[in-house]
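Text of input-v6.cif (mmCIF, N, CA and C atoms and all ligand atoms) as supplied:
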data_query
#
loop_
_atom_site.label_atom_id
_atom_site.label_comp_id
_atom_site.auth_asym_id
_atom_site.auth_seq_id
_atom_site.Cartn_x
_atom_site.Cartn_y
_atom_site.Cartn_z
N MET A 1 92.48 92.02 120.08
CA MET A 1 92.27 92.27 118.68
C MET A 1 91.60 93.62 118.51
N VAL A 2 92.24 94.50 117.75
CA VAL A 2 91.72 95.87 117.65
C VAL A 2 91.59 96.29 116.19
N CYS A 3 90.41 96.84 115.84
CA CYS A 3 90.23 97.48 114.53
C CYS A 3 89.58 98.83 114.76
N LEU A 4 88.94 99.38 113.76
CA LEU A 4 88.35 100.71 113.92
C LEU A 4 86.98 100.64 114.61
N GLY A 5 86.07 99.87 114.03
CA GLY A 5 84.69 99.88 114.53
C GLY A 5 84.35 98.76 115.51
N ASN A 6 85.21 97.75 115.58
CA ASN A 6 84.96 96.54 116.38
C ASN A 6 83.67 95.81 115.95
N ILE A 7 83.37 95.91 114.65
CA ILE A 7 82.21 95.16 114.16
C ILE A 7 82.54 94.25 112.97
N CYS A 8 83.65 94.49 112.27
CA CYS A 8 83.99 93.64 111.11
C CYS A 8 85.22 92.76 111.38
N ARG A 9 86.40 93.37 111.46
CA ARG A 9 87.63 92.58 111.51
C ARG A 9 87.94 92.02 112.89
N SER A 10 87.97 92.88 113.91
CA SER A 10 88.44 92.39 115.21
C SER A 10 87.51 91.36 115.88
N PRO A 11 86.17 91.46 115.73
CA PRO A 11 85.36 90.39 116.32
C PRO A 11 85.62 89.05 115.64
N LEU A 12 85.87 89.10 114.32
CA LEU A 12 86.20 87.85 113.61
C LEU A 12 87.52 87.29 114.15
N ALA A 13 88.51 88.18 114.29
CA ALA A 13 89.82 87.73 114.80
C ALA A 13 89.65 87.14 116.20
N GLN A 14 88.82 87.77 117.02
CA GLN A 14 88.58 87.24 118.36
C GLN A 14 87.97 85.83 118.30
N GLY A 15 86.93 85.68 117.47
CA GLY A 15 86.25 84.38 117.37
C GLY A 15 87.18 83.30 116.85
N ILE A 16 88.00 83.66 115.87
CA ILE A 16 88.92 82.69 115.28
C ILE A 16 89.96 82.25 116.30
N LEU A 17 90.55 83.22 117.00
CA LEU A 17 91.61 82.86 117.96
C LEU A 17 91.02 82.10 119.15
N GLU A 18 89.85 82.53 119.62
CA GLU A 18 89.22 81.83 120.75
C GLU A 18 89.06 80.34 120.46
N LYS A 19 88.71 80.04 119.21
CA LYS A 19 88.50 78.64 118.85
C LYS A 19 89.80 77.83 118.82
N LYS A 20 90.91 78.51 118.64
CA LYS A 20 92.19 77.81 118.51
C LYS A 20 92.92 77.63 119.83
N VAL A 21 92.46 78.32 120.89
CA VAL A 21 93.20 78.27 122.16
C VAL A 21 92.32 77.70 123.28
N SER A 22 92.96 77.39 124.43
CA SER A 22 92.17 76.85 125.54
C SER A 22 91.45 77.99 126.25
N LEU A 23 90.48 77.59 127.08
CA LEU A 23 89.65 78.59 127.77
C LEU A 23 90.46 79.47 128.73
N SER A 24 91.64 78.99 129.12
CA SER A 24 92.43 79.79 130.06
C SER A 24 93.10 81.00 129.38
N THR A 25 93.07 81.02 128.06
CA THR A 25 93.60 82.20 127.35
C THR A 25 92.45 83.16 127.08
N ILE A 26 92.55 84.35 127.62
CA ILE A 26 91.48 85.34 127.45
C ILE A 26 91.72 86.13 126.17
N VAL A 27 90.74 86.05 125.28
CA VAL A 27 90.81 86.77 124.00
C VAL A 27 89.66 87.77 123.99
N ASP A 28 89.95 89.00 123.56
CA ASP A 28 88.89 90.01 123.50
C ASP A 28 89.15 90.90 122.29
N SER A 29 88.20 91.77 121.98
CA SER A 29 88.42 92.70 120.88
C SER A 29 87.81 94.05 121.22
N ALA A 30 88.27 95.07 120.50
CA ALA A 30 87.80 96.43 120.73
C ALA A 30 88.05 97.25 119.48
N GLY A 31 87.42 98.42 119.42
CA GLY A 31 87.62 99.34 118.30
C GLY A 31 88.24 100.64 118.79
N THR A 32 88.94 101.32 117.90
CA THR A 32 89.52 102.61 118.30
C THR A 32 88.47 103.72 118.22
N ALA A 33 87.38 103.47 117.49
CA ALA A 33 86.30 104.46 117.38
C ALA A 33 85.08 103.97 118.15
N ALA A 34 84.21 104.92 118.51
CA ALA A 34 83.06 104.56 119.34
C ALA A 34 81.75 104.43 118.56
N TYR A 35 81.82 104.59 117.21
CA TYR A 35 80.56 104.64 116.43
C TYR A 35 79.60 103.50 116.72
N HIS A 36 80.15 102.31 116.95
CA HIS A 36 79.27 101.12 116.99
C HIS A 36 79.20 100.48 118.37
N VAL A 37 79.62 101.21 119.40
CA VAL A 37 79.67 100.64 120.75
C VAL A 37 78.31 100.04 121.13
N GLY A 38 78.34 98.81 121.65
CA GLY A 38 77.12 98.15 122.12
C GLY A 38 76.39 97.36 121.05
N THR A 39 76.86 97.46 119.79
CA THR A 39 76.13 96.74 118.73
C THR A 39 76.82 95.41 118.41
N PRO A 40 76.05 94.46 117.85
CA PRO A 40 76.64 93.19 117.44
C PRO A 40 77.55 93.39 116.23
N PRO A 41 78.36 92.38 115.89
CA PRO A 41 79.19 92.48 114.69
C PRO A 41 78.34 92.69 113.44
N ASP A 42 78.96 93.24 112.40
CA ASP A 42 78.35 93.37 111.08
C ASP A 42 77.83 91.99 110.64
N GLN A 43 76.63 91.98 110.05
CA GLN A 43 76.02 90.70 109.65
C GLN A 43 76.95 89.90 108.72
N ARG A 44 77.73 90.59 107.90
CA ARG A 44 78.62 89.88 106.97
C ARG A 44 79.76 89.18 107.70
N SER A 45 80.19 89.74 108.83
CA SER A 45 81.20 89.06 109.65
C SER A 45 80.57 87.88 110.38
N ILE A 46 79.35 88.09 110.88
CA ILE A 46 78.64 86.97 111.53
C ILE A 46 78.50 85.82 110.54
N ASP A 47 78.11 86.16 109.30
CA ASP A 47 77.87 85.12 108.28
C ASP A 47 79.14 84.37 107.90
N VAL A 48 80.25 85.10 107.70
CA VAL A 48 81.48 84.40 107.30
C VAL A 48 81.99 83.55 108.47
N GLY A 49 81.78 84.02 109.69
CA GLY A 49 82.14 83.21 110.85
C GLY A 49 81.33 81.92 110.87
N LYS A 50 80.02 82.08 110.73
CA LYS A 50 79.11 80.93 110.77
C LYS A 50 79.48 79.89 109.72
N LYS A 51 79.78 80.38 108.53
CA LYS A 51 80.19 79.52 107.41
C LYS A 51 81.41 78.68 107.77
N ASN A 52 82.21 79.20 108.69
CA ASN A 52 83.45 78.53 109.09
C ASN A 52 83.37 77.95 110.51
N GLY A 53 82.14 77.82 111.02
CA GLY A 53 81.95 77.16 112.31
C GLY A 53 82.24 78.02 113.52
N ILE A 54 82.18 79.34 113.35
CA ILE A 54 82.48 80.24 114.46
C ILE A 54 81.28 81.16 114.72
N ASP A 55 80.85 81.21 115.98
CA ASP A 55 79.68 82.03 116.34
C ASP A 55 80.14 83.30 117.04
N ILE A 56 79.95 84.44 116.38
CA ILE A 56 80.34 85.71 117.01
C ILE A 56 79.14 86.63 117.22
N GLY A 57 77.94 86.08 117.02
CA GLY A 57 76.72 86.89 117.07
C GLY A 57 76.44 87.53 118.42
N HIS A 58 77.01 86.95 119.48
CA HIS A 58 76.73 87.47 120.84
C HIS A 58 77.75 88.54 121.25
N TYR A 59 78.78 88.78 120.46
CA TYR A 59 79.76 89.82 120.81
C TYR A 59 79.09 91.20 120.69
N ARG A 60 79.59 92.13 121.48
CA ARG A 60 79.10 93.51 121.40
C ARG A 60 80.31 94.44 121.31
N ALA A 61 80.21 95.43 120.43
CA ALA A 61 81.36 96.32 120.20
C ALA A 61 81.66 97.17 121.43
N ARG A 62 82.92 97.39 121.66
CA ARG A 62 83.35 98.32 122.71
C ARG A 62 84.55 99.10 122.19
N LYS A 63 84.86 100.15 122.91
CA LYS A 63 85.98 100.99 122.49
C LYS A 63 87.25 100.55 123.23
N PHE A 64 88.37 100.62 122.55
CA PHE A 64 89.66 100.35 123.18
C PHE A 64 89.93 101.43 124.23
N ILE A 65 90.37 100.98 125.41
CA ILE A 65 90.68 101.95 126.49
C ILE A 65 92.09 101.68 127.02
N LYS A 66 92.67 102.68 127.64
CA LYS A 66 94.08 102.51 128.03
C LYS A 66 94.27 101.41 129.08
N GLU A 67 93.21 101.10 129.83
CA GLU A 67 93.31 99.98 130.79
C GLU A 67 93.56 98.65 130.08
N ASP A 68 93.23 98.58 128.79
CA ASP A 68 93.49 97.35 128.04
C ASP A 68 94.98 97.01 128.04
N PHE A 69 95.82 98.03 128.15
CA PHE A 69 97.26 97.76 128.23
C PHE A 69 97.60 96.98 129.50
N LYS A 70 96.83 97.21 130.56
CA LYS A 70 97.09 96.50 131.82
C LYS A 70 96.49 95.10 131.77
N ASN A 71 95.34 94.98 131.11
CA ASN A 71 94.59 93.72 131.15
C ASN A 71 95.07 92.68 130.15
N PHE A 72 95.83 93.09 129.15
CA PHE A 72 96.24 92.14 128.11
C PHE A 72 97.75 92.18 127.87
N ASN A 73 98.29 91.00 127.56
CA ASN A 73 99.73 90.89 127.32
C ASN A 73 100.10 91.21 125.87
N HIS A 74 99.17 90.98 124.97
CA HIS A 74 99.43 91.18 123.54
C HIS A 74 98.25 91.91 122.91
N ILE A 75 98.54 92.91 122.11
CA ILE A 75 97.49 93.67 121.43
C ILE A 75 97.79 93.64 119.93
N TYR A 76 96.86 93.04 119.18
CA TYR A 76 97.05 92.92 117.73
C TYR A 76 96.11 93.89 117.02
N VAL A 77 96.68 94.69 116.15
CA VAL A 77 95.88 95.66 115.40
C VAL A 77 95.86 95.26 113.93
N MET A 78 94.84 95.75 113.22
CA MET A 78 94.61 95.31 111.85
C MET A 78 95.37 96.15 110.81
N ASP A 79 95.49 97.45 111.08
CA ASP A 79 96.13 98.32 110.08
C ASP A 79 96.94 99.43 110.76
N GLN A 80 97.62 100.19 109.93
CA GLN A 80 98.52 101.24 110.45
C GLN A 80 97.76 102.31 111.23
N SER A 81 96.57 102.60 110.78
CA SER A 81 95.77 103.62 111.45
C SER A 81 95.41 103.15 112.87
N ASN A 82 95.00 101.89 113.00
CA ASN A 82 94.72 101.32 114.34
C ASN A 82 95.99 101.37 115.19
N TYR A 83 97.11 101.06 114.54
CA TYR A 83 98.40 101.02 115.25
C TYR A 83 98.70 102.38 115.88
N HIS A 84 98.53 103.42 115.09
CA HIS A 84 98.81 104.76 115.61
C HIS A 84 97.81 105.17 116.68
N ASP A 85 96.54 104.83 116.48
CA ASP A 85 95.51 105.22 117.46
C ASP A 85 95.72 104.51 118.80
N VAL A 86 96.12 103.24 118.73
CA VAL A 86 96.35 102.50 119.98
C VAL A 86 97.62 103.02 120.67
N LEU A 87 98.65 103.22 119.88
CA LEU A 87 99.91 103.70 120.49
C LEU A 87 99.77 105.08 121.11
N ALA A 88 98.83 105.86 120.60
CA ALA A 88 98.60 107.19 121.17
C ALA A 88 98.13 107.09 122.62
N GLN A 89 97.63 105.93 123.00
CA GLN A 89 97.15 105.75 124.39
C GLN A 89 98.17 105.02 125.27
N ALA A 90 99.29 104.63 124.68
CA ALA A 90 100.31 103.93 125.46
C ALA A 90 100.97 104.89 126.44
N GLN A 91 101.25 104.39 127.64
CA GLN A 91 101.84 105.27 128.65
C GLN A 91 103.25 104.88 129.05
N SER A 92 103.75 103.79 128.48
CA SER A 92 105.09 103.33 128.82
C SER A 92 105.64 102.48 127.68
N THR A 93 106.94 102.21 127.76
CA THR A 93 107.56 101.32 126.78
C THR A 93 106.92 99.94 126.86
N GLU A 94 106.59 99.55 128.09
CA GLU A 94 105.96 98.24 128.31
C GLU A 94 104.63 98.15 127.54
N ASP A 95 103.85 99.24 127.58
CA ASP A 95 102.60 99.28 126.81
C ASP A 95 102.92 99.20 125.31
N HIS A 96 103.87 99.99 124.90
CA HIS A 96 104.23 100.13 123.49
C HIS A 96 104.58 98.78 122.86
N ILE A 97 105.38 98.00 123.57
CA ILE A 97 105.87 96.75 122.96
C ILE A 97 104.80 95.65 122.92
N LYS A 98 103.67 95.90 123.55
CA LYS A 98 102.57 94.91 123.47
C LYS A 98 101.82 94.99 122.15
N VAL A 99 102.02 96.08 121.40
CA VAL A 99 101.20 96.34 120.21
C VAL A 99 101.91 95.89 118.93
N ASN A 100 101.24 95.08 118.16
CA ASN A 100 101.77 94.62 116.87
C ASN A 100 100.68 94.54 115.82
N LEU A 101 101.07 94.75 114.58
CA LEU A 101 100.15 94.45 113.48
C LEU A 101 99.91 92.95 113.47
N ILE A 102 98.68 92.53 113.23
CA ILE A 102 98.38 91.09 113.29
C ILE A 102 99.06 90.33 112.16
N LEU A 103 99.27 90.98 111.01
CA LEU A 103 100.01 90.33 109.92
C LEU A 103 101.48 90.69 110.02
N HIS A 104 102.32 89.77 109.62
CA HIS A 104 103.75 90.04 109.64
C HIS A 104 104.12 90.98 108.49
N SER A 105 105.33 91.42 108.48
CA SER A 105 105.94 92.23 107.42
C SER A 105 105.09 93.45 107.02
N HIS A 106 104.55 94.11 108.04
CA HIS A 106 103.84 95.38 107.87
C HIS A 106 102.65 95.33 106.92
N GLN A 107 102.12 94.13 106.71
CA GLN A 107 100.91 94.02 105.89
C GLN A 107 99.71 94.40 106.74
N GLU A 108 98.64 94.84 106.08
CA GLU A 108 97.43 95.24 106.81
C GLU A 108 96.26 94.31 106.48
N VAL A 109 95.36 94.16 107.45
CA VAL A 109 94.05 93.57 107.15
C VAL A 109 93.15 94.77 106.89
N ARG A 110 92.87 95.01 105.62
CA ARG A 110 92.11 96.22 105.24
C ARG A 110 90.65 96.09 105.67
N ASP A 111 90.07 97.24 105.90
CA ASP A 111 88.69 97.34 106.30
C ASP A 111 87.74 96.84 105.20
N PRO A 112 86.96 95.79 105.45
CA PRO A 112 86.07 95.26 104.40
C PRO A 112 84.69 95.92 104.39
N TYR A 113 84.49 96.92 105.27
CA TYR A 113 83.15 97.48 105.55
C TYR A 113 82.41 97.97 104.31
N TYR A 114 83.14 98.67 103.42
CA TYR A 114 82.46 99.28 102.27
C TYR A 114 82.44 98.38 101.03
N GLY A 115 82.96 97.16 101.16
CA GLY A 115 82.99 96.26 100.00
C GLY A 115 81.90 95.21 100.09
N GLY A 116 82.04 94.16 99.27
CA GLY A 116 81.06 93.08 99.25
C GLY A 116 81.47 91.93 100.14
N THR A 117 80.72 90.84 100.07
CA THR A 117 80.99 89.71 100.96
C THR A 117 82.33 89.04 100.66
N GLU A 118 82.82 89.17 99.40
CA GLU A 118 84.11 88.54 99.08
C GLU A 118 85.23 89.15 99.93
N GLY A 119 85.08 90.42 100.27
CA GLY A 119 86.06 91.08 101.14
C GLY A 119 86.07 90.46 102.52
N PHE A 120 84.93 90.00 102.96
CA PHE A 120 84.84 89.36 104.28
C PHE A 120 85.44 87.95 104.24
N ASP A 121 85.26 87.26 103.11
CA ASP A 121 85.89 85.94 102.95
C ASP A 121 87.41 86.09 102.99
N TYR A 122 87.90 87.11 102.29
CA TYR A 122 89.34 87.34 102.24
C TYR A 122 89.87 87.71 103.63
N CYS A 123 89.13 88.55 104.30
CA CYS A 123 89.48 88.97 105.65
C CYS A 123 89.55 87.73 106.58
N TYR A 124 88.58 86.86 106.44
CA TYR A 124 88.56 85.64 107.27
C TYR A 124 89.83 84.82 107.03
N LYS A 125 90.18 84.67 105.76
CA LYS A 125 91.35 83.86 105.41
C LYS A 125 92.63 84.45 106.00
N LEU A 126 92.78 85.76 105.84
CA LEU A 126 93.97 86.43 106.41
C LEU A 126 94.03 86.23 107.93
N LEU A 127 92.88 86.42 108.58
CA LEU A 127 92.86 86.35 110.05
C LEU A 127 93.06 84.92 110.55
N ASP A 128 92.52 83.95 109.80
CA ASP A 128 92.70 82.55 110.20
C ASP A 128 94.18 82.18 110.16
N ASN A 129 94.87 82.58 109.08
CA ASN A 129 96.31 82.31 108.98
C ASN A 129 97.08 83.06 110.06
N ALA A 130 96.69 84.31 110.30
CA ALA A 130 97.38 85.12 111.31
C ALA A 130 97.23 84.49 112.69
N CYS A 131 96.05 83.97 112.97
CA CYS A 131 95.81 83.36 114.30
C CYS A 131 96.59 82.05 114.46
N ASP A 132 96.74 81.31 113.37
CA ASP A 132 97.61 80.11 113.44
C ASP A 132 99.02 80.52 113.83
N GLN A 133 99.48 81.62 113.23
CA GLN A 133 100.82 82.10 113.52
C GLN A 133 100.94 82.57 114.98
N ILE A 134 99.90 83.23 115.49
CA ILE A 134 99.91 83.69 116.89
C ILE A 134 100.01 82.49 117.84
N VAL A 135 99.24 81.45 117.54
CA VAL A 135 99.26 80.24 118.38
C VAL A 135 100.68 79.68 118.43
N LYS A 136 101.35 79.68 117.28
CA LYS A 136 102.74 79.18 117.22
C LYS A 136 103.67 80.11 117.97
N ASP A 137 103.58 81.40 117.66
CA ASP A 137 104.51 82.38 118.25
C ASP A 137 104.42 82.40 119.77
N LEU A 138 103.20 82.29 120.28
CA LEU A 138 103.00 82.44 121.74
C LEU A 138 102.91 81.08 122.45
N ASN A 139 103.06 80.00 121.69
CA ASN A 139 102.94 78.65 122.26
C ASN A 139 101.62 78.44 122.98
N LEU A 140 100.53 78.85 122.35
CA LEU A 140 99.21 78.74 123.02
C LEU A 140 98.61 77.35 122.79
P1 LIG B 1 86.02 97.38 111.37
O1 LIG B 1 85.22 97.98 110.12
O2 LIG B 1 86.99 98.46 111.79
O3 LIG B 1 86.70 96.19 110.80
O4 LIG B 1 84.98 97.06 112.42
C1 LIG B 1 84.54 99.19 110.15
C2 LIG B 1 83.25 99.24 110.58
C3 LIG B 1 82.55 100.43 110.56
C4 LIG B 1 83.16 101.57 110.10
C5 LIG B 1 84.46 101.52 109.67
C6 LIG B 1 85.16 100.33 109.70
N1 LIG B 1 82.45 102.79 110.03
O5 LIG B 1 82.98 103.76 109.51
O6 LIG B 1 81.30 102.85 110.52
#

Mind converting the file's structure to structure tokens?
Amino acid sequence: MVCLGNICRSPLAQGILEKKVSLSTIVDSAGTAAYHVGTPPDQRSIDVGKKNGIDIGHYRARKFIKEDFKNFNHIYVMDQSNYHDVLAQAQSTEDHIKVNLILHSHQEVRDPYYGGTEGFDYCYKLLDNACDQIVKDLNL
């Protein structure tokens, strides 16, 4: 799960998907930017997770690195900007085809960082539905 800062959208997506799959499926998240590396998720993401029974308070932000293409079979990005930033690090067609927008039909999960808590509720809803779809698509 990849977003820009790895503190709002992608940690939530990680927590949501982790809860839906077995422990043998490794789920992780990262950001394309390094601004928040080493910090916990945004308090508003922690809160919306908690409200929905998901604990993401122990996650720490990290930056997406090209080795992630080797370590993961599927890479889900939140918006077009993440898509381009991740693809810029792809080194093969095999890397390239691992990357998809998390929402179907080219929709984006917009950055809720500068808005209010309702943006985080909406983000949660989008990601919860998207993760249900991932579980179906990948037979997890
Ligand atoms: P995220 O949200 O990409 O969903 O983690 C953001 C968090 C921080 C910033 C931008 C987006 N920022 O500019 O600091």

Using only N, CA and C atoms and all ligand atoms, what does the table of chain A residues within 6 Å of ligand LIG 1 (chain B) look like, with each row giving the shortest atom pair and its distance in Å to one decimal, sorted by chain and ascending number, as a Markdown table?
| residue | atom | partner | partner_atom | distance |
| --- | --- | --- | --- | --- |
| A:Cys3 | C | B:LIG1 | O2 | 4.0 |
| A:Leu4 | N | B:LIG1 | O2 | 2.9 |
| A:Gly5 | N | B:LIG1 | O2 | 2.8 |
| A:Asn6 | N | B:LIG1 | O4 | 3.2 |
| A:Ile7 | N | B:LIG1 | O4 | 3.0 |
| A:Cys8 | N | B:LIG1 | O4 | 2.9 |
| A:Arg9 | N | B:LIG1 | O3 | 2.9 |
| A:Ser10 | N | B:LIG1 | O3 | 4.7 |
| A:Asp111 | CA | B:LIG1 | O3 | 5.1 |
| A:Pro112 | N | B:LIG1 | O3 | 5.4 |
| A:Tyr113 | N | B:LIG1 | O1 | 5.0 |

Check: If you measure from CA of Gly115 in chain A to CA of Pro41 in chain A, what distance in Å do you get, rounded to one decimal?
Finding: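 Going from CA of Gly115 in chain A over to CA of Pro41 in chain A, I get 15.6 Å.
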
Check: atom C of Ala33 in chain A to atom C of Ser81 in chain A: how many Å, to one decimal?
Finding: 11.6 Å

Next item on the list: Figure out the distance between CA of Gln43 in chain A and atom C of Ile102 in chain A, please, to one decimal in Å.
Entry: 23.2 Å

Sorted by chain and rising residue number, list the residues of range 19-73 of chain A at most 6.5 Å from range 87-99 of chain A (counting all atoms listed in the file), each with its closest atom pair and distance in Å to one decimal, as a Markdown table.
| residue | atom | partner | partner_atom | distance |
| --- | --- | --- | --- | --- |
| A:Lys66 | CA | A:Gln89 | C | 5.5 |
| A:Phe69 | CA | A:Asp95 | CA | 5.7 |
| A:Asn73 | C | A:Lys98 | CA | 5.1 |

Name all residues at most 9 Å from Ile56 in chain A (count only C-alpha atoms; drop same-chain ones fewer than 2 positions away) and give them as an mmCIF file with N, CA and C atoms, keeping the file's coordinate frame.
data_model
loop_
_atom_site.group_PDB
_atom_site.id
_atom_site.type_symbol
_atom_site.label_atom_id
_atom_site.label_comp_id
_atom_site.auth_asym_id
_atom_site.auth_seq_id
_atom_site.Cartn_x
_atom_site.Cartn_y
_atom_site.Cartn_z
ATOM 1 N N PRO A 11 86.170 91.460 115.730
ATOM 2 C CA PRO A 11 85.360 90.390 116.320
ATOM 3 C C PRO A 11 85.620 89.050 115.640
ATOM 4 N N LEU A 12 85.870 89.100 114.320
ATOM 5 C CA LEU A 12 86.200 87.850 113.610
ATOM 6 C C LEU A 12 87.520 87.290 114.150
ATOM 7 N N GLN A 14 88.820 87.770 117.020
ATOM 8 C CA GLN A 14 88.580 87.240 118.360
ATOM 9 C C GLN A 14 87.970 85.830 118.300
ATOM 10 N N GLY A 15 86.930 85.680 117.470
ATOM 11 C CA GLY A 15 86.250 84.380 117.370
ATOM 12 C C GLY A 15 87.180 83.300 116.850
ATOM 13 N N PRO A 40 76.050 94.460 117.850
ATOM 14 C CA PRO A 40 76.640 93.190 117.440
ATOM 15 C C PRO A 40 77.550 93.390 116.230
ATOM 16 N N PRO A 41 78.360 92.380 115.890
ATOM 17 C CA PRO A 41 79.190 92.480 114.690
ATOM 18 C C PRO A 41 78.340 92.690 113.440
ATOM 19 N N SER A 45 80.190 89.740 108.830
ATOM 20 C CA SER A 45 81.200 89.060 109.650
ATOM 21 C C SER A 45 80.570 87.880 110.380
ATOM 22 N N ILE A 46 79.350 88.090 110.880
ATOM 23 C CA ILE A 46 78.640 86.970 111.530
ATOM 24 C C ILE A 46 78.500 85.820 110.540
ATOM 25 N N GLY A 49 81.780 84.020 109.690
ATOM 26 C CA GLY A 49 82.140 83.210 110.850
ATOM 27 C C GLY A 49 81.330 81.920 110.870
ATOM 28 N N LYS A 50 80.020 82.080 110.730
ATOM 29 C CA LYS A 50 79.110 80.930 110.770
ATOM 30 C C LYS A 50 79.480 79.890 109.720
ATOM 31 N N ILE A 54 82.180 79.340 113.350
ATOM 32 C CA ILE A 54 82.480 80.240 114.460
ATOM 33 C C ILE A 54 81.280 81.160 114.720
ATOM 34 N N HIS A 58 77.010 86.950 119.480
ATOM 35 C CA HIS A 58 76.730 87.470 120.840
ATOM 36 C C HIS A 58 77.750 88.540 121.250
ATOM 37 N N TYR A 59 78.780 88.780 120.460
ATOM 38 C CA TYR A 59 79.760 89.820 120.810
ATOM 39 C C TYR A 59 79.090 91.200 120.690
#

Checklist line | Nearest candidate to Met1 in chain A (options A:Tyr114, A:Phe64, A:Tyr35, A:Tyr76; using only C-alpha atoms) | finding: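 Using only C-alpha atoms, Met1 in chain A sits closest to A:Tyr76.
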
Checklist line | Best match for closeness to Asp128 in chain A among A:Asn52, A:Thr25, A:Ala13, A:Arg62, counting all atoms listed in the file | finding: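 Answer, going by the shortest atom-to-atom distance: A:Ala13.
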
Using all atoms of range 122-133 of chain A that appear in the file, construct an axis-aligned enclosing box with 8 Å of padding on every side and provide its centre coordinates and edge lengths in Å, rounded to one decimal, as AutoDock Vina command-line options.
--center_x 94.4 --center_y 84.5 --center_z 108.6 --size_x 29.0 --size_y 24.9 --size_z 28.7

Next item on the list: Please return as a VMD selection string: the residues of chain A that backbone DSSP assigns to alpha helix (DSSP H).
Entry: chain A and resid 9 to 20 43 to 51 68 to 71 80 to 87 93 to 96 117 to 138

Export: range 4-19 of chain A, N, CA and C atoms, as a CSV table (one decimal), in the first residue's frame:
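Final output, result.csv:
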chain,number,residue,atom,x,y,z
A,4,LEU,N,1.6,9.1,-0.4
A,4,LEU,CA,2.7,10.1,-0.4
A,4,LEU,C,3.5,10.1,0.9
A,5,GLY,N,2.8,10.3,2.0
A,5,GLY,CA,3.5,10.5,3.3
A,5,GLY,C,3.6,9.2,4.1
A,6,ASN,N,2.8,8.2,3.8
A,6,ASN,CA,2.7,7.0,4.6
A,6,ASN,C,2.3,7.2,6.0
A,7,ILE,N,1.5,8.3,6.2
A,7,ILE,CA,0.9,8.5,7.5
A,7,ILE,C,-0.6,8.6,7.5
A,8,CYS,N,-1.3,8.8,6.4
A,8,CYS,CA,-2.7,8.9,6.4
A,8,CYS,C,-3.4,7.7,5.7
A,9,ARG,N,-3.2,7.6,4.4
A,9,ARG,CA,-4.0,6.6,3.6
A,9,ARG,C,-3.4,5.2,3.6
A,10,SER,N,-2.1,5.1,3.3
A,10,SER,CA,-1.6,3.8,3.2
A,10,SER,C,-1.5,3.0,4.5
A,11,PRO,N,-1.2,3.6,5.7
A,11,PRO,CA,-1.2,2.8,6.9
A,11,PRO,C,-2.6,2.3,7.2
A,12,LEU,N,-3.6,3.1,6.9
A,12,LEU,CA,-5.0,2.7,7.1
A,12,LEU,C,-5.3,1.5,6.1
A,13,ALA,N,-4.9,1.6,4.9
A,13,ALA,CA,-5.1,0.5,3.9
A,13,ALA,C,-4.4,-0.8,4.4
A,14,GLN,N,-3.2,-0.6,4.9
A,14,GLN,CA,-2.4,-1.8,5.5
A,14,GLN,C,-3.2,-2.4,6.6
A,15,GLY,N,-3.7,-1.6,7.6
A,15,GLY,CA,-4.4,-2.1,8.7
A,15,GLY,C,-5.7,-2.8,8.3
A,16,ILE,N,-6.4,-2.2,7.4
A,16,ILE,CA,-7.6,-2.8,6.9
A,16,ILE,C,-7.4,-4.2,6.2
A,17,LEU,N,-6.4,-4.2,5.3
A,17,LEU,CA,-6.2,-5.5,4.6
A,17,LEU,C,-5.6,-6.5,5.5
A,18,GLU,N,-4.7,-6.1,6.4
A,18,GLU,CA,-4.2,-7.1,7.4
A,18,GLU,C,-5.3,-7.8,8.1
A,19,LYS,N,-6.3,-7.1,8.5
A,19,LYS,CA,-7.4,-7.7,9.3
A,19,LYS,C,-8.2,-8.7,8.5
